[in-house]
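Beneath this line is the structure, given in structure tokens, with notes to follow.
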Amino acid sequence: MLPWKRRKTLAATYEPPVGAEEIIALFSRTTLHHQAALLRLISRNLILQTKEGPLMGIDFDFDVDKAVIVGKPVDDDDILDDSA
């Protein structure tokens, strides 16, 4: 190593990326309500291709109904009515 080159140091808060096993173990401990919340976050980066055209994931509302997560399209009118 050259004497004038600094050695890179890692931040004290650095943690190496987790493996697939850890992600699966964490996901298996989540409830449907946790999973619906994660789906709401993921849906911001989601486009669904349909026969009618692409649908943005952000345009859906994800809720838990009994033992499944249901995604329903959100109407723009409903959003405006709620904020008034």
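Residues in the structure tokens are numbered from 1 in each chain, the chains being A, B, ... in the order shown, and ligands are numbered from 1 in the order shown.
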Exercise. Quick one: residues within 8 Å of Lys72 of chain A, only C-alpha atoms counted, chain neighbours fewer than 5 positions away excluded, as number ranges by chain?
Worked result: A: 60-62
Problem set entry | Which of A:Leu55, A:Ala11, A:Ala20, A:Val64 sits closest to His34 of chain A [using only C-alpha atoms] |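 Between A:Leu55, A:Ala11, A:Ala20, A:Val64, the residue approaching His34 of chain A most closely is A:Val64.
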Exercise. Could you write out, as a ChimeraX atom specification, all the residues of chain A that DSSP marks as helix (DSSP H, G or I)?
Worked result: /A:20-28,32-45,57-59,76-83
Residue selection dump (C-alpha atoms) as an mmCIF file, in the first residue's frame:
```
data_model
loop_
_atom_site.group_PDB
_atom_site.id
_atom_site.type_symbol
_atom_site.label_atom_id
_atom_site.label_comp_id
_atom_site.auth_asym_id
_atom_site.auth_seq_id
_atom_site.Cartn_x
_atom_site.Cartn_y
_atom_site.Cartn_z
ATOM 1 C CA ALA A 20 -32.005 -14.079 2.051
ATOM 2 C CA GLU A 21 -32.384 -16.343 5.085
ATOM 3 C CA GLU A 22 -32.624 -13.365 7.432
ATOM 4 C CA ILE A 23 -35.186 -11.616 5.226
ATOM 5 C CA ILE A 24 -37.343 -14.751 5.023
ATOM 6 C CA ALA A 25 -37.109 -15.240 8.792
ATOM 7 C CA LEU A 26 -38.134 -11.625 9.411
ATOM 8 C CA PHE A 27 -41.021 -11.809 6.924
ATOM 9 C CA SER A 28 -42.325 -15.024 8.476
ATOM 10 C CA LEU A 32 -50.844 -9.431 7.607
ATOM 11 C CA HIS A 33 -51.105 -5.850 8.848
ATOM 12 C CA HIS A 34 -47.300 -5.515 8.736
ATOM 13 C CA GLN A 35 -47.254 -7.052 5.264
ATOM 14 C CA ALA A 36 -49.969 -4.659 4.044
ATOM 15 C CA ALA A 37 -47.915 -1.734 5.344
ATOM 16 C CA LEU A 38 -44.843 -3.038 3.508
ATOM 17 C CA LEU A 39 -46.935 -3.460 0.367
ATOM 18 C CA ARG A 40 -48.038 0.184 0.607
ATOM 19 C CA LEU A 41 -44.375 1.215 0.675
ATOM 20 C CA ILE A 42 -43.375 -1.122 -2.160
ATOM 21 C CA SER A 43 -46.355 -0.074 -4.295
ATOM 22 C CA ARG A 44 -44.803 3.366 -4.791
ATOM 23 C CA ASN A 45 -42.304 1.693 -7.146
ATOM 24 C CA GLY A 57 -49.279 0.875 -7.459
ATOM 25 C CA ILE A 58 -49.610 4.147 -5.551
ATOM 26 C CA ASP A 59 -53.177 4.387 -6.904
ATOM 27 C CA ASP A 76 -59.295 10.761 -6.727
ATOM 28 C CA ASP A 77 -62.690 12.037 -5.540
ATOM 29 C CA ASP A 78 -62.388 10.017 -2.316
ATOM 30 C CA ILE A 79 -59.004 11.559 -1.565
ATOM 31 C CA LEU A 80 -60.305 15.083 -2.082
ATOM 32 C CA ASP A 81 -63.421 14.416 0.055
ATOM 33 C CA ASP A 82 -61.337 13.092 2.983
ATOM 34 C CA SER A 83 -59.113 16.160 3.170
#
```
Problem set entry | Which residue of A:Thr31, A:Leu10, A:Lys5, A:Met56 approaches Val74 of chain A most closely, using only C-alpha atoms | A:Met56
Problem set entry | Gap from atom CA of Val70 of chain A to atom CA of Leu48 of chain A - Å, one decimal |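 Between atom CA of Val70 of chain A and atom CA of Leu48 of chain A the gap is 15.0 Å.
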Problem set entry | chain A: residues DSSP assigns to strand (DSSP E or B), reported as a list in words |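 Reading the DSSP output for chain A, strand (DSSP E or B) covers Ile47, Leu48, Gln49, Thr50, Gly53, Pro54, Leu55, Met56, Phe60, Asp61, Phe62, Asp63, Val64, Asp65, Val68, Ile69, Val70, Gly71, Lys72 and Pro73 of chain A.
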